[in-house]
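With compact mmCIF, C-alpha atoms inside, this is upload_33.txt:
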```
# COMPACT_ATOMS: atom_id res chain seq x y z
CA MET A 232 12.45 10.04 14.22
CA GLU A 233 13.67 6.64 13.02
CA ILE A 234 11.69 3.73 11.57
CA SER A 235 12.90 0.19 10.94
CA ARG A 236 13.22 -0.49 7.21
CA HIS A 237 11.58 -3.86 7.71
CA SER A 238 8.62 -2.44 9.62
CA LEU A 239 8.02 0.31 7.04
CA ILE A 240 8.13 -1.98 3.99
CA PHE A 241 6.21 -4.77 5.71
CA GLY A 242 3.44 -2.38 6.77
CA LEU A 243 3.12 -0.64 3.42
CA SER A 244 2.95 -3.97 1.59
CA TYR A 245 -0.48 -4.45 3.16
CA ALA A 246 -1.66 -1.41 1.20
CA LEU A 247 -0.67 -3.21 -2.01
CA ASP A 248 -2.63 -6.29 -0.98
CA ILE A 249 -5.84 -4.42 -0.23
CA MET A 250 -5.59 -2.72 -3.64
CA GLY A 251 -6.17 -6.13 -5.23
CA LYS A 252 -8.71 -7.29 -2.62
CA ASN A 253 -9.03 -10.72 -4.22
CA ASN A 254 -6.15 -12.10 -2.14
CA LEU A 255 -5.46 -10.02 0.93
CA SER A 256 -2.13 -11.65 1.76
CA HIS A 257 -0.60 -11.94 -1.70
CA SER A 258 2.49 -9.80 -1.04
CA LYS A 259 3.25 -11.45 2.27
CA SER A 260 2.57 -14.96 0.96
CA THR A 261 4.79 -14.31 -2.08
CA ALA A 262 7.52 -13.05 0.25
CA TYR A 263 7.22 -16.16 2.43
CA LEU A 264 7.39 -18.54 -0.54
CA SER A 265 10.27 -16.58 -2.10
CA VAL A 266 12.40 -16.47 1.05
CA MET A 267 11.82 -20.14 1.83
CA THR A 268 12.85 -21.03 -1.72
CA ALA A 269 15.94 -18.79 -1.59
CA ALA A 270 17.00 -20.34 1.74
CA GLU A 271 16.46 -23.84 0.37
CA MET A 272 18.74 -22.93 -2.54
CA GLY A 273 21.43 -21.77 -0.11
CA LEU A 274 21.49 -18.14 -1.23
CA ASP A 275 23.35 -15.84 1.14
CA GLU A 276 21.61 -13.67 3.74
CA ASP A 277 22.02 -10.38 1.88
CA GLU A 278 20.54 -11.72 -1.35
CA THR A 279 17.70 -13.42 0.51
CA LEU A 280 16.84 -10.12 2.23
CA ILE A 281 16.74 -8.32 -1.13
CA ILE A 282 14.44 -11.01 -2.55
CA TYR A 283 12.22 -10.67 0.53
CA TYR A 284 11.76 -6.91 0.11
CA ALA A 285 11.32 -7.18 -3.66
CA ALA A 286 8.61 -9.80 -3.11
CA LEU A 287 6.80 -7.62 -0.56
CA LEU A 288 6.83 -4.71 -3.03
CA HIS A 289 6.52 -6.61 -6.33
CA ASP A 290 2.98 -5.33 -7.03
CA ILE A 291 3.68 -1.66 -6.27
CA GLY A 292 3.17 -0.86 -9.96
CA LEU A 293 -0.35 -2.25 -10.10
CA SER A 294 -2.56 -0.24 -12.41
CA ASN A 295 -6.33 -0.06 -12.22
CA GLU A 296 -6.49 -2.09 -15.44
CA TYR A 297 -4.49 -4.90 -13.86
CA VAL A 298 -6.56 -4.87 -10.68
CA LEU A 299 -9.66 -5.25 -12.81
CA GLY A 300 -8.28 -8.47 -14.23
CA TYR A 301 -6.68 -7.52 -17.53
CA THR A 302 -3.50 -9.58 -17.75
CA ASP A 303 -2.39 -9.16 -21.37
CA ALA A 304 1.32 -8.54 -22.01
CA PRO A 305 1.20 -4.76 -22.63
CA ARG A 306 -0.62 -4.08 -19.34
CA LEU A 307 1.60 -6.48 -17.42
CA ARG A 308 4.62 -4.74 -18.92
CA ARG A 309 3.35 -1.32 -17.79
CA HIS A 310 2.72 -2.78 -14.34
CA CYS A 311 6.36 -3.96 -14.15
CA GLU A 312 7.79 -0.76 -15.61
CA ARG A 313 5.77 1.35 -13.21
CA GLY A 314 6.98 -0.76 -10.29
CA GLU A 315 10.61 -0.35 -11.34
CA GLU A 316 10.11 3.40 -11.77
CA LEU A 317 8.58 3.89 -8.32
CA LEU A 318 11.12 1.74 -6.50
CA SER A 319 14.08 3.39 -8.25
CA LYS A 320 13.18 6.61 -6.41
CA LEU A 321 13.36 4.94 -3.00
CA PRO A 322 16.41 4.30 -0.78
CA LEU A 323 16.63 0.60 -1.67
CA PRO A 324 19.30 -1.72 -3.11
CA ASP A 325 19.47 -1.47 -6.92
CA LYS A 326 18.48 -5.12 -7.35
CA ILE A 327 15.00 -4.57 -5.90
CA PRO A 328 13.60 -2.42 -8.76
CA LEU A 329 15.36 -4.77 -11.21
CA TYR A 330 13.70 -7.86 -9.72
CA VAL A 331 10.32 -6.14 -9.77
CA ARG A 332 10.78 -5.20 -13.43
CA TYR A 333 11.33 -8.84 -14.38
CA HIS A 334 8.95 -10.60 -11.98
CA HIS A 335 6.62 -11.66 -14.83
CA GLU A 336 9.34 -13.21 -17.02
CA TYR A 337 9.75 -16.90 -17.94
CA LEU A 338 12.65 -18.86 -19.39
CA ASP A 339 10.78 -19.56 -22.64
CA GLY A 340 10.32 -15.85 -23.42
CA SER A 341 6.57 -15.83 -22.79
CA GLY A 342 6.75 -13.06 -20.18
CA SER A 343 5.75 -9.43 -20.54
CA PHE A 344 9.16 -8.31 -21.89
CA GLY A 345 9.98 -11.52 -23.78
CA ALA A 346 13.23 -11.96 -21.83
CA THR A 347 14.74 -15.46 -21.86
CA GLY A 348 17.17 -17.58 -19.89
CA GLY A 349 20.08 -15.75 -18.31
CA ASP A 350 18.63 -12.33 -19.14
CA ILE A 351 16.21 -12.79 -16.22
CA PRO A 352 17.76 -12.22 -12.75
CA LEU A 353 17.54 -15.26 -10.49
CA GLY A 354 15.80 -13.27 -7.76
CA ALA A 355 13.08 -12.24 -10.22
CA GLN A 356 12.57 -15.86 -11.26
CA ILE A 357 12.13 -16.93 -7.64
CA ILE A 358 9.55 -14.18 -7.06
CA CYS A 359 7.77 -15.04 -10.31
CA LEU A 360 7.36 -18.69 -9.31
CA ALA A 361 6.16 -17.71 -5.82
CA SER A 362 3.71 -15.12 -7.16
CA ASP A 363 2.36 -17.51 -9.82
CA PHE A 364 1.88 -20.19 -7.20
CA ASP A 365 0.00 -17.84 -4.88
CA ASP A 366 -2.14 -16.52 -7.74
CA SER A 367 -3.18 -20.09 -8.48
CA PHE A 368 -3.58 -21.50 -4.97
CA GLY A 369 -3.72 -18.53 -2.57
CA ARG A 370 -7.50 -18.50 -2.32
CA THR A 371 -7.88 -22.26 -1.84
CA LYS A 372 -9.83 -23.02 1.33
CA THR A 373 -8.88 -26.67 1.77
CA PHE A 374 -5.64 -28.60 1.41
CA ASP A 375 -6.00 -32.29 0.72
CA ARG A 376 -4.33 -35.00 -1.34
CA GLU A 377 -6.10 -33.88 -4.49
CA MET A 378 -4.70 -30.39 -4.06
CA PHE A 379 -1.23 -31.81 -3.36
CA LEU A 380 -1.39 -33.75 -6.62
CA LYS A 381 -2.42 -30.60 -8.50
CA ILE A 382 0.57 -28.78 -7.03
CA SER A 383 2.89 -31.63 -7.99
CA GLU A 384 1.51 -31.62 -11.52
CA ARG A 385 2.04 -27.88 -11.78
CA LEU A 386 5.64 -28.17 -10.57
CA ASP A 387 6.25 -30.90 -13.17
CA LYS A 388 5.26 -28.42 -15.89
CA SER A 389 7.23 -25.54 -14.37
CA GLY A 390 10.56 -26.82 -15.63
CA GLU A 391 9.96 -25.10 -18.96
CA LEU A 392 9.31 -21.75 -17.28
CA PHE A 393 11.74 -21.57 -14.36
CA PRO A 394 15.34 -22.67 -13.65
CA LYS A 395 15.69 -26.26 -12.47
CA GLU A 396 17.34 -25.19 -9.22
CA VAL A 397 14.39 -22.92 -8.36
CA VAL A 398 11.77 -25.57 -9.15
CA GLY A 399 13.84 -28.20 -7.36
CA ALA A 400 14.07 -26.11 -4.20
CA PHE A 401 10.32 -25.42 -4.25
CA ARG A 402 9.58 -29.10 -4.84
CA ALA A 403 11.81 -30.07 -1.91
CA LEU A 404 9.90 -27.68 0.34
CA ALA A 405 6.53 -28.96 -0.89
CA SER A 406 7.56 -32.51 0.00
CA ARG A 407 7.79 -31.52 3.67
CA GLU A 408 4.30 -31.54 5.13
CA TYR A 409 4.74 -28.49 7.36
CA PHE A 410 5.48 -26.16 4.42
CA LEU A 411 2.17 -26.52 2.60
CA LEU A 412 0.22 -27.00 5.84
CA ASP A 413 1.53 -23.62 6.98
CA TYR A 414 0.72 -22.08 3.61
CA PHE A 415 -2.85 -23.40 3.44
CA ASN A 416 -3.64 -22.80 7.12
CA HIS A 417 -5.89 -19.75 6.81
CA GLU A 418 -5.86 -19.21 10.58
CA THR A 419 -2.22 -18.22 10.24
CA LYS A 420 -2.19 -17.16 6.58
CA TYR A 421 -1.71 -13.48 7.37
CA MET A 422 1.24 -14.30 9.62
CA LEU A 423 3.18 -16.37 7.10
CA SER A 424 5.90 -13.79 6.67
CA ASP A 425 6.29 -13.60 10.45
CA LYS A 426 7.83 -17.05 10.08
CA VAL A 427 10.59 -15.49 7.98
CA SER A 428 13.65 -14.59 10.02
CA VAL A 429 14.72 -11.11 8.86
CA ASN A 430 18.09 -9.84 10.00
CA ASP A 431 17.95 -6.18 9.04
CA GLY A 432 19.08 -3.55 11.51
CA LEU A 433 18.77 -0.63 9.08
CA CYS A 434 16.55 2.26 10.17
CA TYR A 435 15.33 5.16 8.05
CA GLY A 436 15.42 8.79 9.12
CA VAL A 437 12.80 11.41 8.31
CA GLY A 438 14.11 12.09 4.80
CA ASP A 439 13.95 8.48 3.65
CA ILE A 440 10.61 7.83 5.36
CA THR A 441 9.18 10.83 3.52
CA LYS A 442 10.35 9.35 0.19
CA PHE A 443 8.22 6.27 0.88
CA ALA A 444 5.27 8.45 1.93
CA LEU A 445 5.58 10.50 -1.28
CA CYS A 446 5.70 7.31 -3.33
CA PHE A 447 2.50 5.95 -1.81
CA ALA A 448 0.81 9.35 -2.05
CA ASP A 449 1.44 9.18 -5.80
CA ILE A 450 -0.09 5.70 -5.94
CA ILE A 451 -3.17 6.92 -4.04
CA ASP A 452 -3.69 10.15 -5.96
CA GLN A 453 -3.06 8.76 -9.44
CA ARG A 454 -5.95 6.32 -9.14
CA SER A 455 -8.18 9.23 -10.13
CA PRO A 456 -7.57 12.21 -12.45
CA PHE A 457 -9.63 14.27 -10.00
CA THR A 458 -7.43 13.63 -6.97
CA TYR A 459 -3.96 13.54 -8.49
CA THR A 460 -2.72 16.30 -6.13
CA HIS A 461 -5.05 15.68 -3.16
CA SER A 462 -2.65 13.99 -0.73
CA HIS A 463 0.26 16.27 -1.66
CA GLY A 464 -1.93 19.34 -1.22
CA ILE A 465 -3.18 18.27 2.20
CA ALA A 466 0.36 17.39 3.32
CA LYS A 467 1.59 20.90 2.49
CA LEU A 468 -1.36 22.53 4.24
CA ALA A 469 -0.96 20.32 7.31
CA ARG A 470 2.75 21.09 7.69
CA LYS A 471 2.12 24.81 7.15
CA ALA A 472 -0.60 24.78 9.80
CA ALA A 473 1.59 22.95 12.32
CA GLU A 474 4.40 25.45 11.75
CA TYR A 475 2.00 28.37 12.23
CA LEU A 476 0.72 26.85 15.49
CA GLY A 477 4.27 26.63 16.84
CA TYR A 478 4.94 22.89 16.77
CA ASP A 479 8.53 21.62 16.62
CA GLY A 480 10.16 20.51 13.38
CA GLU A 481 9.68 16.78 13.91
CA THR A 482 5.97 17.21 14.63
CA CYS A 483 5.59 19.34 11.51
CA GLU A 484 7.21 16.58 9.44
CA LYS A 485 4.86 14.01 11.01
CA MET A 486 1.93 16.20 9.94
CA TYR A 487 3.35 16.25 6.42
CA MET A 488 3.67 12.45 6.35
CA ALA A 489 0.19 12.03 7.83
CA GLY A 490 -1.19 14.24 5.07
CA LEU A 491 0.57 12.20 2.39
CA LEU A 492 -0.80 8.92 3.80
CA HIS A 493 -4.20 9.96 5.17
CA ASP A 494 -6.08 8.38 2.24
CA ILE A 495 -3.95 5.27 1.83
CA GLY A 496 -7.02 3.24 2.84
CA LYS A 497 -8.70 4.39 -0.40
CA LEU A 498 -6.65 1.74 -2.17
CA TYR A 499 -9.34 -0.61 -0.86
CA ILE A 500 -12.15 1.37 -2.54
CA SER A 501 -13.37 0.53 -6.04
CA THR A 502 -12.38 3.12 -8.64
CA ASP A 503 -15.96 2.96 -9.95
CA ILE A 504 -17.01 4.64 -6.70
CA LEU A 505 -14.06 7.05 -6.61
CA HIS A 506 -14.78 8.18 -10.19
CA LYS A 507 -18.56 8.33 -9.92
CA ASN A 508 -20.07 11.41 -11.53
CA GLY A 509 -22.98 12.07 -9.21
CA LYS A 510 -24.28 11.49 -5.71
CA LEU A 511 -23.24 8.28 -4.00
CA THR A 512 -25.88 5.72 -3.11
CA PRO A 513 -26.12 4.66 0.57
CA GLU A 514 -24.32 1.42 -0.38
CA GLU A 515 -21.52 3.33 -2.11
CA ARG A 516 -21.20 5.76 0.80
CA PHE A 517 -20.95 2.77 3.15
CA GLU A 518 -18.07 1.43 1.04
CA ILE A 519 -16.15 4.69 0.77
CA ASN A 520 -16.43 5.31 4.51
CA LYS A 521 -14.30 2.21 5.03
CA HIS A 522 -11.19 4.00 3.79
CA THR A 523 -10.27 5.63 7.12
CA TYR A 524 -10.52 2.25 8.83
CA TYR A 525 -8.04 0.77 6.37
CA THR A 526 -5.75 3.79 6.64
CA ARG A 527 -5.48 3.01 10.35
CA LYS A 528 -4.96 -0.74 9.81
CA ILE A 529 -2.12 -0.13 7.34
CA LEU A 530 -0.29 2.52 9.34
CA GLU A 531 -0.69 0.65 12.64
CA GLN A 532 1.55 -2.08 11.25
CA ILE A 533 4.51 0.31 11.10
CA GLN A 534 6.35 0.47 14.42
CA GLY A 535 7.23 4.09 15.12
CA PHE A 536 4.21 5.55 13.35
CA GLU A 537 2.24 5.82 16.59
CA GLY A 538 2.37 9.62 16.42
CA ILE A 539 1.06 9.62 12.84
CA VAL A 540 -1.75 7.05 12.86
CA ASP A 541 -4.44 9.09 14.66
CA ILE A 542 -3.68 12.28 12.74
CA ALA A 543 -3.95 10.44 9.41
CA ALA A 544 -6.87 8.12 10.17
CA ASN A 545 -9.19 10.47 12.09
CA HIS A 546 -9.62 13.11 9.39
CA HIS A 547 -13.35 12.33 8.98
CA GLU A 548 -14.17 12.43 12.69
CA LYS A 549 -16.26 15.42 13.85
CA LEU A 550 -16.36 17.34 17.12
CA ASP A 551 -20.03 16.41 17.69
CA GLY A 552 -19.28 12.69 17.36
CA THR A 553 -21.09 12.20 14.03
CA GLY A 554 -17.96 11.47 12.01
CA TYR A 555 -16.56 8.07 11.05
CA PRO A 556 -15.45 5.36 11.58
CA TYR A 557 -15.13 5.69 15.40
CA HIS A 558 -17.56 8.59 16.03
CA LEU A 559 -15.05 10.28 18.32
CA SER A 560 -16.25 13.46 20.03
CA GLY A 561 -14.28 16.64 20.46
CA GLU A 562 -12.50 15.90 23.72
CA ARG A 563 -11.00 12.76 22.17
CA LEU A 564 -9.60 14.57 19.13
CA SER A 565 -6.22 16.29 19.47
CA GLU A 566 -5.52 19.72 18.02
CA LEU A 567 -3.50 18.18 15.18
CA GLU A 568 -6.30 15.75 14.34
CA ARG A 569 -8.72 18.69 14.19
CA VAL A 570 -6.30 20.59 11.96
CA MET A 571 -6.06 17.63 9.57
CA ALA A 572 -9.85 17.50 9.28
CA ILE A 573 -9.93 21.17 8.25
CA CYS A 574 -7.10 20.62 5.74
CA ASP A 575 -9.00 17.71 4.20
CA VAL A 576 -12.23 19.70 3.76
CA TYR A 577 -10.42 22.76 2.39
CA GLN A 578 -8.36 20.77 -0.10
CA ALA A 579 -11.37 18.76 -1.30
CA LEU A 580 -13.50 21.88 -1.84
CA THR A 581 -10.78 23.65 -3.81
CA GLU A 582 -10.28 20.67 -6.15
CA GLU A 583 -12.27 19.69 -9.21
CA ARG A 584 -14.44 16.59 -8.80
CA PRO A 585 -16.33 14.41 -11.32
CA TYR A 586 -19.60 16.02 -10.21
CA ARG A 587 -18.47 19.68 -9.84
CA GLU A 588 -15.76 22.23 -10.59
CA ASN A 589 -13.49 23.58 -7.87
CA LEU A 590 -15.22 26.16 -5.69
CA PRO A 591 -14.22 29.84 -5.30
CA PRO A 592 -12.65 30.88 -1.94
CA GLU A 593 -15.74 32.67 -0.61
CA LYS A 594 -17.90 29.58 -1.12
CA VAL A 595 -15.23 27.29 0.34
CA TRP A 596 -14.99 29.32 3.54
CA GLY A 597 -18.77 29.64 3.71
CA ILE A 598 -19.08 25.84 3.77
CA ILE A 599 -16.27 25.50 6.32
CA ASP A 600 -17.79 28.20 8.54
CA ASN A 601 -21.11 26.37 8.46
CA MET A 602 -19.37 23.11 9.43
CA SER A 603 -17.65 24.81 12.36
CA GLU A 604 -20.95 26.34 13.53
CA ASN A 605 -22.43 22.81 13.54
CA ARG A 606 -19.42 21.49 15.52
CA HIS A 607 -18.18 19.35 12.68
CA LEU A 608 -14.93 21.34 12.64
CA ASP A 609 -13.10 23.32 15.31
CA LYS A 610 -14.25 26.96 15.10
CA MET A 611 -11.15 28.54 16.61
CA LEU A 612 -8.82 26.55 14.37
CA THR A 613 -11.00 27.35 11.36
CA GLU A 614 -10.45 31.06 11.98
CA LYS A 615 -6.70 30.47 12.19
CA ALA A 616 -6.83 28.40 8.99
CA LYS A 617 -8.18 31.40 7.12
CA ARG A 618 -4.93 33.21 7.90
CA ILE A 619 -2.74 30.12 7.34
CA PHE A 620 -4.15 29.12 3.93
CA GLU A 621 -4.47 32.60 2.44
```
Just dump the structure as structure tokens.
Amino acid sequence: MEISRHSLIFGLSYALDIMGKNNLSHSKSTAYLSVMTAAEMGLDEDETLIIYYAALLHDIGLSNEYVLGYTDAPRLRRHCERGEELLSKLPLPDKIPLYVRYHHEYLDGSGSFGATGGDIPLGAQIICLASDFDDSFGRTKTFDREMFLKISERLDKSGELFPKEVVGAFRALASREYFLLDYFNHETKYMLSDKVSVNDGLCYGVGDITKFALCFADIIDQRSPFTYTHSHGIAKLARKAAEYLGYDGETCEKMYMAGLLHDIGKLYISTDILHKNGKLTPEERFEINKHTYYTRKILEQIQGFEGIVDIAANHHEKLDGTGYPYHLSGERLSELERVMAICDVYQALTEERPYRENLPPEKVWGIIDNMSENRHLDKMLTEKAKRIFE
């Protein structure tokens, strides 16, 4: 199994955008603006590629506090430190975590670390300008002369915050009509980074892909103290089940990855709902049911994940067709998809939740048996799971 580095990072960056929800193309728009600026400055291809990936991943350290709108220096600093920490564990060039660490720094020392001048890497300064610009203008619905004048005024003031060569390159781009027309064209907004020519032939093998999956599983699980081992637990169960059922090694690893990423769509869901101590309202249930849809949308963007998408995204489908979001019936659910559904139920019942303690084994299997009798879960596989999970 091999996956293009570009496809993997590009696809997973969408998960970071939906976590913010206020600007669903922020990572990709920041990457577009950063790469265009770097090219305008004449930076070489290797450095431009590093800036591109750092821009796509610059918000990987987002905390719940930051998502909720708190932008004071200590929280911004934790956001940057967390991003550097996560990216340092991945098979990426050393500059990428460094650029992410410093992507909220300004020449005058007003950034989250108080770094000044030459202490801030040039790539980080490019990403900072691009991200700031998109934060300010990324949700604008119309582009007219008044907006162009506002942009020009902002660039005039940016000389105190960013290097002259960075501001100059951005200003030169802004003076060409196509650049801002592309940026403000919301019909093509989500395809902005498709306009970036990426020359990267590197592919990841199973080991490196798994490192990315583990990283995003941590991001998913750590949003709640009640689910901090959920994705990891399901991944282990899913791989163990696949091994027991006689699947080959690559398929077992795909089950493991699918388990790690099955809830990646929960990054779209408000933590108020995820943390709620009590029964969900119909409106809240409607919201939380969206997570499998977004799991599919994120993973579908990664070329080579075709064998993982259905296993990860269909874990709330039921044999009788009453599951969600596609209401698939039994004949349309593969054995591995059915296994993942059982793993998800088992893991959830054995974990503590805001509204209950973890359940003892006899009660867990009683609930699962009842679900299999009602054709929510596969009865034959449920019986095998009792031997697998013991």
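Relative to atom CA of Ala262 of chain A, atom CA of Ala405 of chain A is found at 16.0 Å.
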Nearest candidate to Ile450 of chain A (options A:Asp431, A:Asp503, A:Asp494, A:Glu614; using only C-alpha atoms): A:Asp494
Nearest to Asp275 of chain A, chosen from A:Tyr414, A:Ser406, A:Asn430, A:Leu445, with all atoms listed in the file counted in the distances: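 Of the candidates, the smallest distance to Asp275 of chain A is held by A:Asn430.
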Around (20.7, -4.9, -2.2), as given in the file, which residues come within 9 Å? Count only C-alpha atoms and list them as an mmCIF file with C-alpha atoms, keeping the file's coordinate frame.
```
data_model
loop_
_atom_site.group_PDB
_atom_site.id
_atom_site.type_symbol
_atom_site.label_atom_id
_atom_site.label_comp_id
_atom_site.auth_asym_id
_atom_site.auth_seq_id
_atom_site.Cartn_x
_atom_site.Cartn_y
_atom_site.Cartn_z
ATOM 1 C CA ASP A 277 22.020 -10.380 1.880
ATOM 2 C CA GLU A 278 20.540 -11.720 -1.350
ATOM 3 C CA LEU A 280 16.840 -10.120 2.230
ATOM 4 C CA ILE A 281 16.740 -8.320 -1.130
ATOM 5 C CA ILE A 282 14.440 -11.010 -2.550
ATOM 6 C CA LEU A 323 16.630 0.600 -1.670
ATOM 7 C CA PRO A 324 19.300 -1.720 -3.110
ATOM 8 C CA ASP A 325 19.470 -1.470 -6.920
ATOM 9 C CA LYS A 326 18.480 -5.120 -7.350
ATOM 10 C CA ILE A 327 15.000 -4.570 -5.900
#
```
Closest of A:Gly464, A:Gly552, A:Gly496, A:Gly340 to Asp575 of chain A - atom-to-atom distances counting only C-alpha atoms: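 Of the candidates, the smallest distance to Asp575 of chain A is held by A:Gly464.
Nearest residue to Met488 of chain A among A:Cys446, A:Gln534, A:Thr502, A:Lys510 is A:Cys446, counting only C-alpha atoms.
Pairwise distance (atom CA of Arg309 of chain A, atom CA of Tyr333 of chain A) equals 11.5 Å.
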Nearest-residue call for Leu274 of chain A, choices A:Leu608, A:Ile240, A:Met486, A:Val397, using all atoms listed in the file: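 Of the candidates, the smallest distance to Leu274 of chain A is held by A:Val397.
Separating atom CA of Ile234 of chain A from atom CA of Ser462 of chain A is a distance of 21.5 Å.
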Exercise: Ile533 of chain A partners within 8 Å, only C-alpha atoms, chain neighbours under 6 positions left out, as a list of chain:residue names: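 My list of contacting residues is A:Ile234, A:Ser238, A:Leu239, A:Phe241, A:Gly242, A:Leu243.
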Quick one: 3 Å padding each side, axis-aligned, all listed atoms of segment 593-609 of chain A - centre and edge lengths in Å to one decimal, as JSON?
```
{"center_x": -17.8, "center_y": 26.0, "center_z": 7.2, "size_x": 15.3, "size_y": 19.3, "size_z": 22.6}
```
Close residues, Met232 of chain A itself excluded, 12 Å, all atoms listed in the file, min 5 positions apart in chain, as a compact mmCIF listing (two decimals) with C-alpha atoms, in the coordinates of the input:
```
# COMPACT_ATOMS: atom_id res chain seq x y z
CA CYS A 434 16.55 2.26 10.17
CA TYR A 435 15.33 5.16 8.05
CA GLY A 436 15.42 8.79 9.12
CA VAL A 437 12.80 11.41 8.31
CA GLY A 438 14.11 12.09 4.80
CA ASP A 439 13.95 8.48 3.65
CA ILE A 440 10.61 7.83 5.36
CA THR A 441 9.18 10.83 3.52
CA GLY A 480 10.16 20.51 13.38
CA GLU A 481 9.68 16.78 13.91
CA THR A 482 5.97 17.21 14.63
CA CYS A 483 5.59 19.34 11.51
CA GLU A 484 7.21 16.58 9.44
CA LYS A 485 4.86 14.01 11.01
CA GLN A 534 6.35 0.47 14.42
CA GLY A 535 7.23 4.09 15.12
CA PHE A 536 4.21 5.55 13.35
CA GLU A 537 2.24 5.82 16.59
CA GLY A 538 2.37 9.62 16.42
CA ILE A 539 1.06 9.62 12.84
```
Of the listed residues A:Leu404, A:Leu411, A:Cys574, A:Ile495, that which approaches Phe374 of chain A most closely, counting only C-alpha atoms: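 Of A:Leu404, A:Leu411, A:Cys574, A:Ile495, the one nearest Phe374 of chain A, counting only C-alpha atoms, is A:Leu411.
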Can segment 350-367 of chain A be brought up to N, CA and C atoms and written out as a PDB file, keeping the file's coordinate frame?
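Wrote it out as result.pdb, contents follow:
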```pdb
ATOM      1  N   ASP A 350      18.966 -13.761 -19.169  1.00  0.00           N
ATOM      2  CA  ASP A 350      18.630 -12.330 -19.140  1.00  0.00           C
ATOM      3  C   ASP A 350      17.714 -11.988 -17.959  1.00  0.00           C
ATOM      4  N   ILE A 351      17.138 -13.011 -17.336  1.00  0.00           N
ATOM      5  CA  ILE A 351      16.210 -12.790 -16.220  1.00  0.00           C
ATOM      6  C   ILE A 351      16.968 -13.019 -14.914  1.00  0.00           C
ATOM      7  N   PRO A 352      17.048 -12.028 -14.035  1.00  0.00           N
ATOM      8  CA  PRO A 352      17.760 -12.220 -12.750  1.00  0.00           C
ATOM      9  C   PRO A 352      17.153 -13.370 -11.955  1.00  0.00           C
ATOM     10  N   LEU A 353      18.004 -14.112 -11.265  1.00  0.00           N
ATOM     11  CA  LEU A 353      17.540 -15.260 -10.490  1.00  0.00           C
ATOM     12  C   LEU A 353      16.516 -14.845  -9.443  1.00  0.00           C
ATOM     13  N   GLY A 354      16.742 -13.727  -8.765  1.00  0.00           N
ATOM     14  CA  GLY A 354      15.800 -13.270  -7.760  1.00  0.00           C
ATOM     15  C   GLY A 354      14.415 -13.036  -8.339  1.00  0.00           C
ATOM     16  N   ALA A 355      14.364 -12.476  -9.549  1.00  0.00           N
ATOM     17  CA  ALA A 355      13.080 -12.240 -10.220  1.00  0.00           C
ATOM     18  C   ALA A 355      12.393 -13.551 -10.561  1.00  0.00           C
ATOM     19  N   GLN A 356      13.162 -14.558 -10.926  1.00  0.00           N
ATOM     20  CA  GLN A 356      12.570 -15.860 -11.260  1.00  0.00           C
ATOM     21  C   GLN A 356      11.983 -16.539 -10.027  1.00  0.00           C
ATOM     22  N   ILE A 357      12.652 -16.381  -8.897  1.00  0.00           N
ATOM     23  CA  ILE A 357      12.130 -16.930  -7.640  1.00  0.00           C
ATOM     24  C   ILE A 357      10.804 -16.251  -7.292  1.00  0.00           C
ATOM     25  N   ILE A 358      10.778 -14.930  -7.386  1.00  0.00           N
ATOM     26  CA  ILE A 358       9.550 -14.180  -7.060  1.00  0.00           C
ATOM     27  C   ILE A 358       8.436 -14.524  -8.034  1.00  0.00           C
ATOM     28  N   CYS A 359       8.779 -14.693  -9.304  1.00  0.00           N
ATOM     29  CA  CYS A 359       7.770 -15.040 -10.310  1.00  0.00           C
ATOM     30  C   CYS A 359       7.117 -16.388  -9.991  1.00  0.00           C
ATOM     31  N   LEU A 360       7.926 -17.383  -9.655  1.00  0.00           N
ATOM     32  CA  LEU A 360       7.360 -18.690  -9.310  1.00  0.00           C
ATOM     33  C   LEU A 360       6.472 -18.585  -8.070  1.00  0.00           C
ATOM     34  N   ALA A 361       6.940 -17.864  -7.056  1.00  0.00           N
ATOM     35  CA  ALA A 361       6.160 -17.710  -5.820  1.00  0.00           C
ATOM     36  C   ALA A 361       4.848 -16.977  -6.082  1.00  0.00           C
ATOM     37  N   SER A 362       4.912 -15.902  -6.855  1.00  0.00           N
ATOM     38  CA  SER A 362       3.710 -15.120  -7.160  1.00  0.00           C
ATOM     39  C   SER A 362       2.723 -15.929  -7.989  1.00  0.00           C
ATOM     40  N   ASP A 363       3.223 -16.653  -8.996  1.00  0.00           N
ATOM     41  CA  ASP A 363       2.360 -17.510  -9.820  1.00  0.00           C
ATOM     42  C   ASP A 363       1.670 -18.563  -8.973  1.00  0.00           C
ATOM     43  N   PHE A 364       2.436 -19.161  -8.070  1.00  0.00           N
ATOM     44  CA  PHE A 364       1.880 -20.190  -7.200  1.00  0.00           C
ATOM     45  C   PHE A 364       0.767 -19.616  -6.338  1.00  0.00           C
ATOM     46  N   ASP A 365       1.012 -18.427  -5.749  1.00  0.00           N
ATOM     47  CA  ASP A 365       0.000 -17.840  -4.880  1.00  0.00           C
ATOM     48  C   ASP A 365      -1.210 -17.356  -5.666  1.00  0.00           C
ATOM     49  N   ASP A 366      -0.999 -16.890  -6.897  1.00  0.00           N
ATOM     50  CA  ASP A 366      -2.140 -16.520  -7.740  1.00  0.00           C
ATOM     51  C   ASP A 366      -3.043 -17.720  -8.009  1.00  0.00           C
ATOM     52  N   SER A 367      -2.427 -18.879  -8.149  1.00  0.00           N
ATOM     53  CA  SER A 367      -3.180 -20.090  -8.480  1.00  0.00           C
ATOM     54  C   SER A 367      -3.826 -20.749  -7.259  1.00  0.00           C
TER      55      SER A 367
END
```
